Structure formats: structure tokens, C-alpha cells
Amino acid sequence: MRATFKRVTGGMIGKTALAIALSTGALTVGATTASAKEKEPKVEKAAYSKEFVAAAGPMQKTMTALDEAKKKGADAAAQAAVLANAPAELAAAEAAAKSPLDRMAVGGWAVTVGGVLNDLPMRQRGMQNMLDSGQVPAASVADYQFYLGNFAYSNKDYPTAVKALTAVVAANYKDDTAAELLADSYSQQGQNAEALTALKTALDVRKAAGGVVPEGWFKRANLIAYKNRLGPQAIEWSTMMVENDPTPLNWLGAGQLVREFGTFTNQESLDLGRLLLRSGGFQNDPKYVEREYVEYIEAADPRRLPGEVLKVTEMAVKSGVLKANDAFVADALSQSKSRIAPDKASLPALDRDARAGKDGKSALAMADAYLSYDEPAKAEEMYKMAIEKGAIDKDRALTRLGIAQVDQDKFEEAKATFAQVTGARANLAKLWSTFATTQARP
């Protein structure tokens, strides 16, 4: 047997193909191919154990034959035929391996042979041998760990995949699929909270390095959290996703999750509708937003906030989401139109009463009226007065004070206001604060 062994290099294994289908949550990992130009560096004969040199002769001859077949253009079937005895020869060589270089060589063979024979367990074992040998260059260890995690995931060996990929992800690995493979490896074992923690680690590391967080991480996290009814995590990730990519669809999804996992009355639904209106969340397929328009109109109530109901209802009709001849819509339009004039006429007297009131109840009602008629400066003044006088739902007043400040482009003030909201409205206020953040961007 020659004293030179083929060394597997870091560029030998191709990238994993990872496709994420949000509708089903399926992860499809493509076959990882071996296509390296393998080199034969000169290695001193003494570097390999005598036992390995004796046992590995047949395997070395087979690998030489495979090289020759490839040079002659042999197809996959012909290459596989050359390797007919390779599994047994490889097993014998592996059993005799004693030194680190023995293990590195037999590991490289396993990865190559496994690639030709489409034997993923063999490839996983080979990659593990190379890493265990300690001979992988430090600069390539992360790559090899990623490949090991990839093979283990494909083999449904999820504990090994987790072990291999955890350090890779913590080191901000260049291939974005590493974090998703790690998360799904946890999920496949029913460890969904750990899956989300892994993705959050990946996100934090990527941001700390000044990199762009891929959209797939947010989608994967949202899917895991929603499917497993992890309410706080679903809200957290949907809020982070909309901050990262404030599209109309993301706003709609984030708002719906906050409501689904929250405790909403008509008052919270009203402020969610206001957020969807301002963020563009209503600018989605009609079948996705019909319910949102209806809930907004019902929460605003034409008897209480006729101006706002008219504005929203007409918008829904104009966009084709609601039909003007629908009984619910027709009633909302009729009632709001008939009430606007007398409602506006009553505002000056109500304003005086609010200022003279001993508590904040009248001021809160007055502020709500001003906000609904798109007079945010007057609304801001009244909400502050209501909070100062007290005896009101302070979290509701703070939420709407923040909204009035957003409407005046006072984004930092609004965020400070939203940060004070507690209780059932806390997550809604965080989403509003995220909206303020996105609006403040150049």
C-alpha cells in the first residue's frame, strides 16, 4: 500500500438545499454532493499506524479505481459498480484505524463512498470520524460541523444534529440554513421552546455582527410558535418579523396573533383596527381582511364614533372588501352619516365639561372623540388630562395617547408612552411601538 492517502478538504461537500413551506411547515433537505478535487499530499509512512496500512490496502485500491473511472467519464451506475466491495473494505479499514491520521483518512473515504452510493449514514459516520480525528484545519471545523449536522438531520439523528449545529449557529455560520436545521432538529424531538431559543440566538448573533437576518428565520419561528400554541413566543416573533420587514401581510399577521393570544374586548379590537389602518395591514387580499374590517366597525360603533366608522366603512367598500348593499354595511353607513353632524356640534360643550371634571372620565371620552375625528393634537392634550385626573382605564388612555403622538410623528414620545402600558394591552402596545419605530426610519 502506498504511504499517501487522499485528504478530504473543506470544499468537498456542496451546500444543503433547504426549502421551507410555511403552509405545511415541511423542511426538505436536498442531497449533499461530493465533488471535491481530492489531493494526495505527501505523508510520511510512519504517520499511519501499521495496522491501518495493512487493513486499508483494498480500500485504497478501490479509491484509485474510482478516480480512474471518473476520469473516463463513468456515470453514476458505473461508479457505484466500482464500489461494490467498498462498504466491507471501508469497515475493515475503519476497524483498524488507530492514529488521528488513520481516522481522518477513513472518514474521508466514507464521505466520498457514501456520496456515490447515496448512503447518508455512511457519510455521517465519515464526517464524524474526520472531526474526531482532530486533523481538520481550524478554519474548516465550522464547515465540517455544518456538514455533520446536515447529514445527521437527513438521517433523522436529531440529537447529533443539535450537538453539531449548536456551536455552528452560535458562531454566526455563513449558511443561513444552519439555524433552521438546528431549530427543526429540536422541533422534531418535541422541544419547540428550545427551537425558538436557537433561532433567537442565531438572530442576536447575526445582528451583533451587523448582518441581515433572513426572513426564513422569522417565518420558521412563527410557524413553530403558532403550531404549538406558544402564545408569548408567537407574539414576540411576529413583532420582530414586522419590525424587520414591515409589509402589509406581516402587519396583518402580527396583529391577528396579538389578538388570538390575547384577551381582547371591543376596546382593544378598536385600537388594533387603528393599527392595521395606519400600517397598511388592510391592504391585503379581501378574504384575509374582511373579518378585520367588520371587527373594526363593530368596535368603533357608529353610535359612539360615527366619523371613524364612516371613514373605515367607506374605505372597505371602495377597496371591494365589503359590499354597500350588505345589511351590516348599509346600517353602519346610515347610522354614522346621520350622527356625525350632531356629534361634532356637541364637542365644544363636552370639551368644557371635560376640563371642569373632577376625574378623568369626561376627558377620556373627549380625547377618544378627537382621535376619531383625526385631531391628534387635541386628543393628546385630553388623554394627558385624563391620566392626570385619574379614575380611568390608564392602560387604555396610554395606548391612545401613544396613537395620538404617532399621528403627529412624535415617534420617540409615542414609544415612551407605549412602554408604560401594562396588563392585557401590553403586547398590543409593543406592536404599536414597533410601528412607531418603522415610521421613524428615513
# chains A, B, ... in the order shown; residues from 1 in each chain; ligands from 1
call {"tool": "residues_around", "arguments": {"residues": "Glu412 of chain A", "least_positions_apart": "3", "cutoff": "10 Å", "atoms": "only C-alpha atoms", "output": "list of chain:residue names"}}
result
A:Gly402, A:Gln405, A:Val406, A:Asp409, A:Lys415, A:Ala416, A:Thr417, A:Phe418, A:Ser433, A:Ala436, A:Thr437, A:Ala440
call {"tool": "write_last_selection", "arguments": {"atoms": "all heavy atoms", "output": "CSV table (one decimal), in the first residue's frame"}}
result
chain,number,residue,atom,x,y,z
A,402,GLY,N,-50.4,57.3,23.0
A,402,GLY,CA,-49.3,56.9,22.1
A,402,GLY,C,-49.8,57.0,20.6
A,402,GLY,O,-49.0,57.5,19.7
A,405,GLN,N,-49.8,60.5,19.5
A,405,GLN,CA,-48.5,61.0,19.3
A,405,GLN,C,-47.9,60.5,18.0
A,405,GLN,O,-47.2,61.2,17.2
A,405,GLN,CB,-47.6,60.6,20.5
A,405,GLN,CG,-48.0,61.4,21.7
A,405,GLN,CD,-47.3,60.8,23.0
A,405,GLN,OE1,-47.1,59.6,23.1
A,405,GLN,NE2,-47.1,61.7,24.0
A,406,VAL,N,-48.2,59.2,17.6
A,406,VAL,CA,-47.8,58.7,16.4
A,406,VAL,C,-48.4,59.5,15.2
A,406,VAL,O,-47.7,59.8,14.2
A,406,VAL,CB,-48.2,57.2,16.2
A,406,VAL,CG1,-48.1,56.7,14.8
A,406,VAL,CG2,-47.3,56.3,17.1
A,409,ASP,N,-46.4,62.3,14.3
A,409,ASP,CA,-45.0,62.0,14.0
A,409,ASP,C,-44.1,62.2,15.2
A,409,ASP,O,-42.9,62.4,15.1
A,409,ASP,CB,-44.4,62.8,12.8
A,409,ASP,CG,-45.1,62.5,11.5
A,409,ASP,OD1,-45.8,61.4,11.5
A,409,ASP,OD2,-45.0,63.2,10.6
A,415,LYS,N,-43.2,56.0,21.7
A,415,LYS,CA,-42.6,54.8,22.1
A,415,LYS,C,-42.5,54.8,23.7
A,415,LYS,O,-42.7,53.8,24.3
A,415,LYS,CB,-41.3,54.6,21.5
A,415,LYS,CG,-41.4,54.2,20.0
A,415,LYS,CD,-40.1,54.3,19.2
A,415,LYS,CE,-39.0,53.4,19.6
A,415,LYS,NZ,-37.8,53.5,18.8
A,416,ALA,N,-42.1,56.0,24.2
A,416,ALA,CA,-42.0,56.1,25.7
A,416,ALA,C,-43.4,55.9,26.3
A,416,ALA,O,-43.5,55.3,27.4
A,416,ALA,CB,-41.4,57.5,26.0
A,417,THR,N,-44.4,56.4,25.7
A,417,THR,CA,-45.8,56.2,26.2
A,417,THR,C,-46.2,54.8,26.1
A,417,THR,O,-46.7,54.2,27.1
A,417,THR,CB,-46.8,57.1,25.4
A,417,THR,OG1,-46.4,58.5,25.5
A,417,THR,CG2,-48.2,56.9,25.9
A,418,PHE,N,-46.0,54.1,25.0
A,418,PHE,CA,-46.4,52.7,24.8
A,418,PHE,C,-45.7,51.8,25.8
A,418,PHE,O,-46.2,50.8,26.3
A,418,PHE,CB,-46.1,52.2,23.4
A,418,PHE,CG,-47.0,52.8,22.4
A,418,PHE,CD1,-46.5,53.3,21.2
A,418,PHE,CD2,-48.4,52.8,22.5
A,418,PHE,CE1,-47.3,53.9,20.2
A,418,PHE,CE2,-49.2,53.4,21.6
A,418,PHE,CZ,-48.7,53.9,20.4
A,433,SER,N,-45.6,50.3,19.3
A,433,SER,CA,-44.3,50.8,19.4
A,433,SER,C,-43.4,50.4,18.3
A,433,SER,O,-42.6,51.2,17.7
A,433,SER,CB,-43.7,50.4,20.7
A,433,SER,OG,-42.4,51.0,21.0
A,436,ALA,N,-44.2,52.6,15.4
A,436,ALA,CA,-43.6,53.9,15.6
A,436,ALA,C,-42.1,53.8,15.2
A,436,ALA,O,-41.6,54.7,14.5
A,436,ALA,CB,-43.6,54.4,17.1
A,437,THR,N,-41.5,52.7,15.5
A,437,THR,CA,-40.1,52.5,15.1
A,437,THR,C,-39.9,52.5,13.6
A,437,THR,O,-39.0,53.1,13.0
A,437,THR,CB,-39.5,51.2,15.7
A,437,THR,OG1,-39.5,51.3,17.1
A,437,THR,CG2,-38.1,50.9,15.2
A,440,ALA,N,-40.4,55.9,12.0
A,440,ALA,CA,-39.3,56.9,12.3
A,440,ALA,C,-38.1,56.7,11.4
A,440,ALA,O,-37.2,57.6,11.3
A,440,ALA,CB,-38.9,56.8,13.7
call {"tool": "residues_around", "arguments": {"residues": "segment 238-244 of chain A", "least_positions_apart": "5", "cutoff": "8 Å", "atoms": "only C-alpha atoms", "output": "PyMOL selection string"}}
result
chain A and resi 215+218-219+222+250-251+253-254+257+430-431+434-435+437-438
call {"tool": "residues_around", "arguments": {"residues": "Ala424 of chain A", "least_positions_apart": "4", "cutoff": "12 Å", "atoms": "only C-alpha atoms", "output": "PyMOL selection string"}}
result
chain A and resi 258-259+261-265+267-269+393-396+399+428-430
call {"tool": "residues_around", "arguments": {"residues": "Tyr144 of chain A", "least_positions_apart": "3", "cutoff": "8 Å", "atoms": "only C-alpha atoms", "output": "count of residues only"}}
result
7
call {"tool": "closest_residue", "arguments": {"among": "A:Pro137, A:Gly108, A:Pro214, A:Gly320", "to": "Gln283 of chain A", "atoms": "only C-alpha atoms"}}
result
A:Gly320
call {"tool": "atom_distance", "arguments": {"atom1": "atom CA of Leu83 of chain A", "atom2": "atom CA of Val111 of chain A"}}
result
13.0 Å
call {"tool": "residues_around", "arguments": {"residues": "Ala167 of chain A", "least_positions_apart": "5", "cutoff": "12 Å", "atoms": "only C-alpha atoms", "output": "PDB file with all heavy atoms, in the first residue's frame"}}
result
ATOM      1  N   VAL A 141     -13.313  23.754  10.603  1.00  0.00           N
ATOM      2  CA  VAL A 141     -14.100  22.983  11.571  1.00  0.00           C
ATOM      3  C   VAL A 141     -15.584  23.332  11.493  1.00  0.00           C
ATOM      4  O   VAL A 141     -16.452  22.455  11.524  1.00  0.00           O
ATOM      5  CB  VAL A 141     -13.566  23.187  13.000  1.00  0.00           C
ATOM      6  CG1 VAL A 141     -14.538  22.626  14.019  1.00  0.00           C
ATOM      7  CG2 VAL A 141     -12.207  22.505  13.155  1.00  0.00           C
ATOM      8  N   ALA A 142     -15.906  24.616  11.396  1.00  0.00           N
ATOM      9  CA  ALA A 142     -17.311  25.017  11.344  1.00  0.00           C
ATOM     10  C   ALA A 142     -18.004  24.421  10.117  1.00  0.00           C
ATOM     11  O   ALA A 142     -19.153  23.973  10.193  1.00  0.00           O
ATOM     12  CB  ALA A 142     -17.434  26.538  11.328  1.00  0.00           C
ATOM     13  N   ASP A 143     -17.302  24.403   8.980  1.00  0.00           N
ATOM     14  CA  ASP A 143     -17.875  23.796   7.780  1.00  0.00           C
ATOM     15  C   ASP A 143     -18.165  22.315   8.003  1.00  0.00           C
ATOM     16  O   ASP A 143     -19.234  21.814   7.654  1.00  0.00           O
ATOM     17  CB  ASP A 143     -16.917  23.949   6.591  1.00  0.00           C
ATOM     18  CG  ASP A 143     -16.801  25.385   6.117  1.00  0.00           C
ATOM     19  OD1 ASP A 143     -17.800  26.125   6.204  1.00  0.00           O
ATOM     20  OD2 ASP A 143     -15.706  25.767   5.672  1.00  0.00           O
ATOM     21  N   TYR A 144     -17.203  21.620   8.575  1.00  0.00           N
ATOM     22  CA  TYR A 144     -17.378  20.184   8.788  1.00  0.00           C
ATOM     23  C   TYR A 144     -18.501  19.912   9.792  1.00  0.00           C
ATOM     24  O   TYR A 144     -19.270  18.962   9.644  1.00  0.00           O
ATOM     25  CB  TYR A 144     -16.060  19.560   9.269  1.00  0.00           C
ATOM     26  CG  TYR A 144     -15.061  19.300   8.160  1.00  0.00           C
ATOM     27  CD1 TYR A 144     -14.650  20.330   7.338  1.00  0.00           C
ATOM     28  CD2 TYR A 144     -14.537  18.030   7.949  1.00  0.00           C
ATOM     29  CE1 TYR A 144     -13.733  20.106   6.322  1.00  0.00           C
ATOM     30  CE2 TYR A 144     -13.620  17.794   6.928  1.00  0.00           C
ATOM     31  CZ  TYR A 144     -13.227  18.844   6.112  1.00  0.00           C
ATOM     32  OH  TYR A 144     -12.339  18.606   5.105  1.00  0.00           O
ATOM     33  N   GLN A 145     -18.588  20.760  10.823  1.00  0.00           N
ATOM     34  CA  GLN A 145     -19.677  20.618  11.792  1.00  0.00           C
ATOM     35  C   GLN A 145     -21.030  20.824  11.119  1.00  0.00           C
ATOM     36  O   GLN A 145     -22.000  20.120  11.409  1.00  0.00           O
ATOM     37  CB  GLN A 145     -19.514  21.642  12.923  1.00  0.00           C
ATOM     38  CG  GLN A 145     -18.406  21.327  13.895  1.00  0.00           C
ATOM     39  CD  GLN A 145     -18.775  20.188  14.835  1.00  0.00           C
ATOM     40  OE1 GLN A 145     -18.182  19.114  14.789  1.00  0.00           O
ATOM     41  NE2 GLN A 145     -19.751  20.417  15.691  1.00  0.00           N
ATOM     42  N   PHE A 146     -21.097  21.784  10.210  1.00  0.00           N
ATOM     43  CA  PHE A 146     -22.328  22.020   9.478  1.00  0.00           C
ATOM     44  C   PHE A 146     -22.686  20.807   8.634  1.00  0.00           C
ATOM     45  O   PHE A 146     -23.840  20.365   8.600  1.00  0.00           O
ATOM     46  CB  PHE A 146     -22.186  23.259   8.597  1.00  0.00           C
ATOM     47  CG  PHE A 146     -23.342  23.446   7.649  1.00  0.00           C
ATOM     48  CD1 PHE A 146     -24.623  23.705   8.130  1.00  0.00           C
ATOM     49  CD2 PHE A 146     -23.164  23.361   6.283  1.00  0.00           C
ATOM     50  CE1 PHE A 146     -25.699  23.879   7.269  1.00  0.00           C
ATOM     51  CE2 PHE A 146     -24.223  23.533   5.408  1.00  0.00           C
ATOM     52  CZ  PHE A 146     -25.491  23.789   5.906  1.00  0.00           C
ATOM     53  N   GLY A 149     -23.975  18.067  10.871  1.00  0.00           N
ATOM     54  CA  GLY A 149     -25.353  18.348  11.275  1.00  0.00           C
ATOM     55  C   GLY A 149     -26.330  18.113  10.148  1.00  0.00           C
ATOM     56  O   GLY A 149     -27.435  17.589  10.362  1.00  0.00           O
ATOM     57  N   ALA A 161     -27.578  16.064  15.287  1.00  0.00           N
ATOM     58  CA  ALA A 161     -27.718  17.306  14.518  1.00  0.00           C
ATOM     59  C   ALA A 161     -27.686  18.510  15.452  1.00  0.00           C
ATOM     60  O   ALA A 161     -27.025  19.514  15.171  1.00  0.00           O
ATOM     61  CB  ALA A 161     -29.013  17.283  13.711  1.00  0.00           C
ATOM     62  N   VAL A 162     -28.395  18.420  16.574  1.00  0.00           N
ATOM     63  CA  VAL A 162     -28.405  19.520  17.536  1.00  0.00           C
ATOM     64  C   VAL A 162     -27.004  19.774  18.067  1.00  0.00           C
ATOM     65  O   VAL A 162     -26.540  20.916  18.140  1.00  0.00           O
ATOM     66  CB  VAL A 162     -29.374  19.214  18.699  1.00  0.00           C
ATOM     67  CG1 VAL A 162     -29.137  20.160  19.872  1.00  0.00           C
ATOM     68  CG2 VAL A 162     -30.819  19.307  18.228  1.00  0.00           C
ATOM     69  N   ASN A 172     -22.307  32.325  14.200  1.00  0.00           N
ATOM     70  CA  ASN A 172     -22.798  33.091  13.043  1.00  0.00           C
ATOM     71  C   ASN A 172     -22.343  32.460  11.728  1.00  0.00           C
ATOM     72  O   ASN A 172     -21.735  33.114  10.871  1.00  0.00           O
ATOM     73  CB  ASN A 172     -22.332  34.553  13.118  1.00  0.00           C
ATOM     74  CG  ASN A 172     -23.026  35.435  12.087  1.00  0.00           C
ATOM     75  OD1 ASN A 172     -24.157  35.163  11.689  1.00  0.00           O
ATOM     76  ND2 ASN A 172     -22.343  36.481  11.647  1.00  0.00           N
ATOM     77  N   TYR A 173     -22.665  31.185  11.558  1.00  0.00           N
ATOM     78  CA  TYR A 173     -22.230  30.454  10.367  1.00  0.00           C
ATOM     79  C   TYR A 173     -22.805  31.093   9.103  1.00  0.00           C
ATOM     80  O   TYR A 173     -23.930  31.597   9.089  1.00  0.00           O
ATOM     81  CB  TYR A 173     -22.658  28.986  10.462  1.00  0.00           C
ATOM     82  CG  TYR A 173     -22.066  28.128   9.389  1.00  0.00           C
ATOM     83  CD1 TYR A 173     -20.693  27.928   9.318  1.00  0.00           C
ATOM     84  CD2 TYR A 173     -22.867  27.526   8.426  1.00  0.00           C
ATOM     85  CE1 TYR A 173     -20.135  27.145   8.325  1.00  0.00           C
ATOM     86  CE2 TYR A 173     -22.324  26.736   7.432  1.00  0.00           C
ATOM     87  CZ  TYR A 173     -20.948  26.550   7.386  1.00  0.00           C
ATOM     88  OH  TYR A 173     -20.398  25.768   6.380  1.00  0.00           O
ATOM     89  N   ALA A 178     -28.322  26.676   8.471  1.00  0.00           N
ATOM     90  CA  ALA A 178     -27.846  26.004   9.683  1.00  0.00           C
ATOM     91  C   ALA A 178     -28.790  26.266  10.853  1.00  0.00           C
ATOM     92  O   ALA A 178     -29.142  25.347  11.602  1.00  0.00           O
ATOM     93  CB  ALA A 178     -26.431  26.478  10.032  1.00  0.00           C
ATOM     94  N   ALA A 179     -29.223  27.519  11.010  1.00  0.00           N
ATOM     95  CA  ALA A 179     -30.113  27.859  12.126  1.00  0.00           C
ATOM     96  C   ALA A 179     -31.461  27.160  11.988  1.00  0.00           C
ATOM     97  O   ALA A 179     -32.045  26.711  12.983  1.00  0.00           O
ATOM     98  CB  ALA A 179     -30.306  29.371  12.191  1.00  0.00           C
ATOM     99  N   LEU A 182     -31.090  23.487  12.803  1.00  0.00           N
ATOM    100  CA  LEU A 182     -30.985  23.314  14.249  1.00  0.00           C
ATOM    101  C   LEU A 182     -32.355  23.431  14.898  1.00  0.00           C
ATOM    102  O   LEU A 182     -32.738  22.601  15.736  1.00  0.00           O
ATOM    103  CB  LEU A 182     -30.031  24.362  14.833  1.00  0.00           C
ATOM    104  CG  LEU A 182     -29.907  24.399  16.358  1.00  0.00           C
ATOM    105  CD1 LEU A 182     -29.462  23.044  16.904  1.00  0.00           C
ATOM    106  CD2 LEU A 182     -28.932  25.497  16.779  1.00  0.00           C
ATOM    107  N   ALA A 198     -32.994  28.668  19.928  1.00  0.00           N
ATOM    108  CA  ALA A 198     -31.887  28.526  18.977  1.00  0.00           C
ATOM    109  C   ALA A 198     -31.979  29.579  17.875  1.00  0.00           C
ATOM    110  O   ALA A 198     -30.972  30.187  17.487  1.00  0.00           O
ATOM    111  CB  ALA A 198     -31.899  27.123  18.371  1.00  0.00           C
ATOM    112  N   THR A 201     -31.011  32.949  19.274  1.00  0.00           N
ATOM    113  CA  THR A 201     -29.556  33.049  19.380  1.00  0.00           C
ATOM    114  C   THR A 201     -28.951  33.404  18.032  1.00  0.00           C
ATOM    115  O   THR A 201     -28.089  34.286  17.936  1.00  0.00           O
ATOM    116  CB  THR A 201     -28.960  31.728  19.887  1.00  0.00           C
ATOM    117  OG1 THR A 201     -29.432  31.461  21.205  1.00  0.00           O
ATOM    118  CG2 THR A 201     -27.438  31.784  19.897  1.00  0.00           C
ATOM    119  N   ALA A 202     -29.412  32.707  16.999  1.00  0.00           N
ATOM    120  CA  ALA A 202     -28.908  32.976  15.650  1.00  0.00           C
ATOM    121  C   ALA A 202     -29.184  34.421  15.249  1.00  0.00           C
ATOM    122  O   ALA A 202     -28.328  35.111  14.682  1.00  0.00           O
ATOM    123  CB  ALA A 202     -29.557  32.023  14.649  1.00  0.00           C
ATOM    124  N   VAL A 205     -26.913  36.882  17.260  1.00  0.00           N
ATOM    125  CA  VAL A 205     -25.518  36.822  16.811  1.00  0.00           C
ATOM    126  C   VAL A 205     -25.372  37.518  15.461  1.00  0.00           C
ATOM    127  O   VAL A 205     -24.416  38.266  15.224  1.00  0.00           O
ATOM    128  CB  VAL A 205     -25.039  35.363  16.725  1.00  0.00           C
ATOM    129  CG1 VAL A 205     -23.689  35.280  16.032  1.00  0.00           C
ATOM    130  CG2 VAL A 205     -24.946  34.749  18.116  1.00  0.00           C
TER     131      VAL A 205
END
call {"tool": "closest_residue", "arguments": {"among": "A:Asp407, A:Lys337, A:Ala171, A:Asp102", "to": "Leu275 of chain A", "atoms": "only C-alpha atoms"}}
result
A:Asp407
